[in-house]
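Trainee: What follows is a structure written as structure tokens; I'll ask about it next.
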Amino acid sequence: MRLEVRVSFAYGEREVLKSVEFTAEMGELLAIIGPNGAGKSTLLKAMVGILRPTGSVRLDGRDLLSMRPPERARLITYVPQSSFPEFAFTIEEFVEMGAYATRGNVEAALKRVGLWERRKEPVTNLSGGEYQLALVARALAQGSGAILLDEPTSHLDINHSLMVMELLKGLKEEKIIVAVLHDLNLALRYADRLVLLKEGEKYWEGTPEELEPEVLEEVYGVKARIAEVDGHRVLLAGI
Ligand SMILES: Nc1ncnc2c1ncn2[C@@H]1O[C@H](COP(=O)(O)OP(=O)(O)OP(=O)(O)O)[C@@H](O)[C@H]1O
């Protein structure tokens, strides 16, 4: 499976995405990175048709943007930045809430994220990290072939961040996974490919191994060094 993206978008007069073009394939985790305000969230919303960009988003050649929303929702799922639910659904009800969730999918999704045993508890019992896992389970229960996640590890401690990233790593063999990541070290460690946005444009694209500190300095405006620890590349910023 292959997702081909080429989109531009403006909020009124203000151009926020300028012909951003990239391809995401099944089997790889693609991370969208870039500074605050670069257009990362706008890009995900444009890709799922919450916003109406110009250009095209093709999943195996089919243009998602020209589909009616219900048809599109079967093919691609968006996980927004986490905000805690106000109502006390059970965890199971919460995961079932998506439009295309089936019983079997809900059970498989809850088991996948390790929340099956707790499914009868109110979702408000969950910690921030566990809630993020419930959000991923809800996306999985939709059964679509592509999942886009906006900062799935924001507000999570390092342990829960790793849990979420490991989960996404396990999913990439069966789905297209695109995640906006703020934590560049998580991106370096887990992403197979990085798309770096700056002021609404794709500034750089490549593998974590190809990323040079100079590129980060140009985009983020801080001194950056990349060290190697046990074969992993680690970013040190500001020193
Ligand atoms: N509803 C809106 N109306 C007008 N401008 C907006 C709107 N939403 C976002 N913007 C602007 O579009 C630009 C891109 O915002 P976006 O939220 O996509 O950036 P981001 O890269 O996700 O940032 P962050 O890392 O801070 O979440 C910003 O300059 C922002 O101010």
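FYI, nothing fancy with the structure tokens labels: chains A, B, ... in order, residues from 1 per chain, ligands from 1 as they appear.
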Could you tell me, counting only C-alpha atoms and all ligand atoms, which protein and nucleic acid residues lie no more than 6 Å from ligand 1, written as a PyMOL selection string?
Mentor: chain A and resi 11+16+35-42
Trainee: Counting only C-alpha atoms, give me one row per residue of region 71-90 of chain A with an atom at most 8 Å from an atom of region 115-135 of chain A, showing the shortest contact pair and its distance in Å to one decimal, sorted by chain then residue number, as JSON lines.
Mentor:
{"residue": "A:Val79", "atom": "CA", "partner": "A:Leu135", "partner_atom": "CA", "distance": 6.8}
{"residue": "A:Ser82", "atom": "CA", "partner": "A:Gln132", "partner_atom": "CA", "distance": 6.7}
{"residue": "A:Phe84", "atom": "CA", "partner": "A:Tyr131", "partner_atom": "CA", "distance": 7.7}
{"residue": "A:Pro85", "atom": "CA", "partner": "A:Thr124", "partner_atom": "CA", "distance": 7.1}
{"residue": "A:Glu86", "atom": "CA", "partner": "A:Thr124", "partner_atom": "CA", "distance": 7.9}
{"residue": "A:Phe87", "atom": "CA", "partner": "A:Thr124", "partner_atom": "CA", "distance": 7.7}
{"residue": "A:Ala88", "atom": "CA", "partner": "A:Pro122", "partner_atom": "CA", "distance": 5.4}
{"residue": "A:Phe89", "atom": "CA", "partner": "A:Pro122", "partner_atom": "CA", "distance": 5.5}
{"residue": "A:Thr90", "atom": "CA", "partner": "A:Pro122", "partner_atom": "CA", "distance": 4.0}
Trainee: Pull C-alpha atoms from the residues just selected and write them as a PDB file, in the first residue's frame.
Mentor:
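Below is the file that was written, out.pdb:
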ATOM      1  CA  VAL A  79      -5.845  10.425  15.542  1.00  0.00           C
ATOM      2  CA  SER A  82      -4.922  13.980  22.686  1.00  0.00           C
ATOM      3  CA  PHE A  84      -9.207  14.040  27.543  1.00  0.00           C
ATOM      4  CA  PRO A  85     -12.869  12.936  27.158  1.00  0.00           C
ATOM      5  CA  GLU A  86     -15.446  14.668  29.323  1.00  0.00           C
ATOM      6  CA  PHE A  87     -17.947  11.838  29.463  1.00  0.00           C
ATOM      7  CA  ALA A  88     -17.567   8.612  31.337  1.00  0.00           C
ATOM      8  CA  PHE A  89     -17.815   6.016  28.589  1.00  0.00           C
ATOM      9  CA  THR A  90     -16.281   2.687  29.344  1.00  0.00           C
TER      10      THR A  90
END
Trainee: Find the residues near Pro80 (chain A): any atom within 10 Å, counting only C-alpha atoms, skip ones fewer than 4 places away on the same chain, and give them as a list in words.
Mentor: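 Final neighbour list, sorted by chain and number: Ser41, Leu44, Lys45, Leu135, Leu148, Leu149, Asp150, Glu151 and Pro152 of chain A.
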Trainee: Please, which residues in region 11-120 of chain A fall within 9 Å of region 182-205 of chain A when counting only C-alpha atoms, and what is the closest atom pair and distance in Å to one decimal for each, ordered by chain then residue number, as a tab-separated table?
Mentor:
residue	atom	partner	partner_atom	distance
A:Glu15	CA	A:Gly200	CA	7.6
A:Val16	CA	A:Gly200	CA	5.0
A:Leu17	CA	A:Gly200	CA	4.3
A:Lys18	CA	A:Glu201	CA	5.3
A:Ser19	CA	A:Glu201	CA	7.0
A:Val20	CA	A:Lys202	CA	5.6
A:Glu21	CA	A:Lys202	CA	7.3
A:Phe22	CA	A:Val195	CA	7.8
A:Ala24	CA	A:Arg193	CA	8.8
A:Gly27	CA	A:Asp192	CA	8.9
A:Glu28	CA	A:Asp192	CA	5.5
A:Leu29	CA	A:Ala191	CA	5.0
A:Leu30	CA	A:Arg193	CA	5.0
A:Ala31	CA	A:Leu194	CA	4.9
A:Ile32	CA	A:Val195	CA	4.9
A:Ile33	CA	A:Leu196	CA	4.9
A:Gly34	CA	A:Leu197	CA	4.9
A:Pro35	CA	A:Lys198	CA	6.9
A:Asn36	CA	A:His182	CA	8.8
A:Gly37	CA	A:Glu199	CA	7.1
A:Ala38	CA	A:Glu199	CA	4.6
A:Gly39	CA	A:Gly200	CA	5.2
A:Lys40	CA	A:Leu197	CA	7.1
A:Leu43	CA	A:Gly200	CA	8.8
Trainee: Go ahead and write the selection's residues with N, CA and C atoms as an mmCIF file, in the first residue's frame.
Mentor:
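That gives us again05.cif:
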data_model
loop_
_atom_site.group_PDB
_atom_site.id
_atom_site.type_symbol
_atom_site.label_atom_id
_atom_site.label_comp_id
_atom_site.auth_asym_id
_atom_site.auth_seq_id
_atom_site.Cartn_x
_atom_site.Cartn_y
_atom_site.Cartn_z
ATOM 1 N N GLU A 15 -1.051 31.335 3.232
ATOM 2 C CA GLU A 15 -0.610 30.027 2.730
ATOM 3 C C GLU A 15 0.128 29.289 3.832
ATOM 4 N N VAL A 16 -0.372 28.149 4.204
ATOM 5 C CA VAL A 16 0.237 27.404 5.309
ATOM 6 C C VAL A 16 0.926 26.129 4.814
ATOM 7 N N LEU A 17 0.448 25.572 3.710
ATOM 8 C CA LEU A 17 1.143 24.436 3.085
ATOM 9 C C LEU A 17 1.419 24.792 1.637
ATOM 10 N N LYS A 18 2.684 24.701 1.253
ATOM 11 C CA LYS A 18 3.066 25.108 -0.099
ATOM 12 C C LYS A 18 3.564 23.891 -0.876
ATOM 13 N N SER A 19 2.686 23.290 -1.634
ATOM 14 C CA SER A 19 3.029 22.097 -2.441
ATOM 15 C C SER A 19 3.869 21.080 -1.667
ATOM 16 N N VAL A 20 3.352 20.667 -0.559
ATOM 17 C CA VAL A 20 4.071 19.651 0.229
ATOM 18 C C VAL A 20 3.848 18.289 -0.421
ATOM 19 N N GLU A 21 4.928 17.621 -0.741
ATOM 20 C CA GLU A 21 4.837 16.401 -1.528
ATOM 21 C C GLU A 21 5.694 15.302 -0.901
ATOM 22 N N PHE A 22 5.091 14.153 -0.664
ATOM 23 C CA PHE A 22 5.864 12.999 -0.178
ATOM 24 C C PHE A 22 5.033 11.731 -0.368
ATOM 25 N N ALA A 24 4.212 7.850 1.456
ATOM 26 C CA ALA A 24 4.361 6.962 2.615
ATOM 27 C C ALA A 24 3.996 5.554 2.172
ATOM 28 N N GLY A 27 5.017 -0.644 5.768
ATOM 29 C CA GLY A 27 6.310 -1.230 6.117
ATOM 30 C C GLY A 27 7.285 -0.207 6.662
ATOM 31 N N GLU A 28 6.910 1.069 6.560
ATOM 32 C CA GLU A 28 7.789 2.089 7.139
ATOM 33 C C GLU A 28 6.957 3.035 7.998
ATOM 34 N N LEU A 29 7.615 3.542 9.038
ATOM 35 C CA LEU A 29 6.959 4.554 9.858
ATOM 36 C C LEU A 29 7.486 5.907 9.389
ATOM 37 N N LEU A 30 6.583 6.744 8.928
ATOM 38 C CA LEU A 30 6.988 8.049 8.414
ATOM 39 C C LEU A 30 6.703 9.106 9.479
ATOM 40 N N ALA A 31 7.710 9.880 9.846
ATOM 41 C CA ALA A 31 7.500 10.939 10.831
ATOM 42 C C ALA A 31 7.517 12.300 10.141
ATOM 43 N N ILE A 32 6.543 13.133 10.501
ATOM 44 C CA ILE A 32 6.544 14.526 10.062
ATOM 45 C C ILE A 32 7.123 15.331 11.212
ATOM 46 N N ILE A 33 8.189 16.042 10.966
ATOM 47 C CA ILE A 33 8.809 16.851 12.011
ATOM 48 C C ILE A 33 8.921 18.302 11.537
ATOM 49 N N GLY A 34 9.230 19.182 12.468
ATOM 50 C CA GLY A 34 9.369 20.601 12.132
ATOM 51 C C GLY A 34 8.988 21.460 13.313
ATOM 52 N N PRO A 35 9.408 22.713 13.308
ATOM 53 C CA PRO A 35 9.148 23.571 14.466
ATOM 54 C C PRO A 35 7.676 23.921 14.641
ATOM 55 N N ASN A 36 7.358 24.533 15.757
ATOM 56 C CA ASN A 36 5.996 25.007 16.011
ATOM 57 C C ASN A 36 5.548 25.903 14.866
ATOM 58 N N GLY A 37 4.339 25.670 14.422
ATOM 59 C CA GLY A 37 3.774 26.523 13.382
ATOM 60 C C GLY A 37 4.217 26.196 11.974
ATOM 61 N N ALA A 38 4.999 25.124 11.798
ATOM 62 C CA ALA A 38 5.512 24.777 10.455
ATOM 63 C C ALA A 38 4.416 24.261 9.527
ATOM 64 N N GLY A 39 3.311 23.771 10.121
ATOM 65 C CA GLY A 39 2.208 23.273 9.287
ATOM 66 C C GLY A 39 1.951 21.777 9.429
ATOM 67 N N LYS A 40 2.518 21.159 10.447
ATOM 68 C CA LYS A 40 2.418 19.701 10.599
ATOM 69 C C LYS A 40 0.965 19.244 10.831
ATOM 70 N N LEU A 43 -1.129 19.783 7.863
ATOM 71 C CA LEU A 43 -0.869 18.774 6.836
ATOM 72 C C LEU A 43 -1.707 17.514 7.083
#
Trainee: Which neighbours of Asn105 (chain A) fall inside 12 Å, counting only C-alpha atoms, when residues of the same chain fewer than 5 positions from it are skipped, and could you give them as a PyMOL selection string?
Mentor: chain A and resi 92+95-98+100+110-112+116+137-144
Trainee: Could you save the residues just selected, with N, CA and C atoms, as a PDB file, in the first residue's frame?
Mentor:
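Result file is again-v4.pdb:
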ATOM      1  N   GLU A  92     -14.259   0.285  26.509  1.00  0.00           N
ATOM      2  CA  GLU A  92     -14.757  -0.472  25.355  1.00  0.00           C
ATOM      3  C   GLU A  92     -15.695   0.401  24.503  1.00  0.00           C
ATOM      4  N   VAL A  95     -13.720   2.898  22.467  1.00  0.00           N
ATOM      5  CA  VAL A  95     -13.042   2.325  21.285  1.00  0.00           C
ATOM      6  C   VAL A  95     -14.067   1.988  20.199  1.00  0.00           C
ATOM      7  N   GLU A  96     -15.293   1.643  20.620  1.00  0.00           N
ATOM      8  CA  GLU A  96     -16.356   1.305  19.663  1.00  0.00           C
ATOM      9  C   GLU A  96     -16.915   2.522  18.937  1.00  0.00           C
ATOM     10  N   MET A  97     -16.612   3.690  19.471  1.00  0.00           N
ATOM     11  CA  MET A  97     -17.304   4.900  19.002  1.00  0.00           C
ATOM     12  C   MET A  97     -17.060   5.254  17.536  1.00  0.00           C
ATOM     13  N   GLY A  98     -15.935   4.842  16.978  1.00  0.00           N
ATOM     14  CA  GLY A  98     -15.661   5.158  15.580  1.00  0.00           C
ATOM     15  C   GLY A  98     -16.738   4.573  14.673  1.00  0.00           C
ATOM     16  N   TYR A 100     -16.795   2.906  11.897  1.00  0.00           N
ATOM     17  CA  TYR A 100     -16.692   1.609  11.228  1.00  0.00           C
ATOM     18  C   TYR A 100     -16.168   0.507  12.117  1.00  0.00           C
ATOM     19  N   LEU A 110      -8.300  -3.650  21.394  1.00  0.00           N
ATOM     20  CA  LEU A 110      -8.088  -3.515  22.842  1.00  0.00           C
ATOM     21  C   LEU A 110      -7.007  -4.477  23.323  1.00  0.00           C
ATOM     22  N   LYS A 111      -6.994  -5.664  22.761  1.00  0.00           N
ATOM     23  CA  LYS A 111      -5.959  -6.623  23.147  1.00  0.00           C
ATOM     24  C   LYS A 111      -4.593  -6.126  22.684  1.00  0.00           C
ATOM     25  N   ARG A 112      -4.570  -5.584  21.497  1.00  0.00           N
ATOM     26  CA  ARG A 112      -3.304  -5.111  20.921  1.00  0.00           C
ATOM     27  C   ARG A 112      -2.634  -4.057  21.799  1.00  0.00           C
ATOM     28  N   TRP A 116      -7.634  -4.687  27.090  1.00  0.00           N
ATOM     29  CA  TRP A 116      -8.795  -5.577  27.030  1.00  0.00           C
ATOM     30  C   TRP A 116      -9.320  -5.909  28.433  1.00  0.00           C
ATOM     31  N   ALA A 137      -6.150   2.463  19.833  1.00  0.00           N
ATOM     32  CA  ALA A 137      -7.060   1.315  19.695  1.00  0.00           C
ATOM     33  C   ALA A 137      -8.307   1.722  18.907  1.00  0.00           C
ATOM     34  N   ARG A 138      -8.823   2.910  19.190  1.00  0.00           N
ATOM     35  CA  ARG A 138     -10.020   3.369  18.473  1.00  0.00           C
ATOM     36  C   ARG A 138      -9.725   3.500  16.978  1.00  0.00           C
ATOM     37  N   ALA A 139      -8.539   4.005  16.666  1.00  0.00           N
ATOM     38  CA  ALA A 139      -8.157   4.118  15.253  1.00  0.00           C
ATOM     39  C   ALA A 139      -8.021   2.728  14.630  1.00  0.00           C
ATOM     40  N   LEU A 140      -7.424   1.801  15.377  1.00  0.00           N
ATOM     41  CA  LEU A 140      -7.244   0.441  14.850  1.00  0.00           C
ATOM     42  C   LEU A 140      -8.583  -0.241  14.584  1.00  0.00           C
ATOM     43  N   ALA A 141      -9.545   0.020  15.474  1.00  0.00           N
ATOM     44  CA  ALA A 141     -10.851  -0.633  15.362  1.00  0.00           C
ATOM     45  C   ALA A 141     -11.582  -0.215  14.087  1.00  0.00           C
ATOM     46  N   GLN A 142     -11.163   0.900  13.484  1.00  0.00           N
ATOM     47  CA  GLN A 142     -11.764   1.342  12.224  1.00  0.00           C
ATOM     48  C   GLN A 142     -11.393   0.423  11.069  1.00  0.00           C
ATOM     49  N   GLY A 143     -10.276  -0.269  11.232  1.00  0.00           N
ATOM     50  CA  GLY A 143      -9.878  -1.220  10.198  1.00  0.00           C
ATOM     51  C   GLY A 143      -9.380  -0.589   8.914  1.00  0.00           C
ATOM     52  N   SER A 144      -9.009   0.684   8.929  1.00  0.00           N
ATOM     53  CA  SER A 144      -8.515   1.320   7.696  1.00  0.00           C
ATOM     54  C   SER A 144      -7.055   0.924   7.447  1.00  0.00           C
TER      55      SER A 144
END
Trainee: Which of region 40-210 of chain A counts as helix (DSSP H, G or I) under DSSP, as a PyMOL selection string please?
Mentor: chain A and resi 40-47+64-66+69-73+91-96+103-113+116-118+123-125+128-141+158-171+184-190+208-210
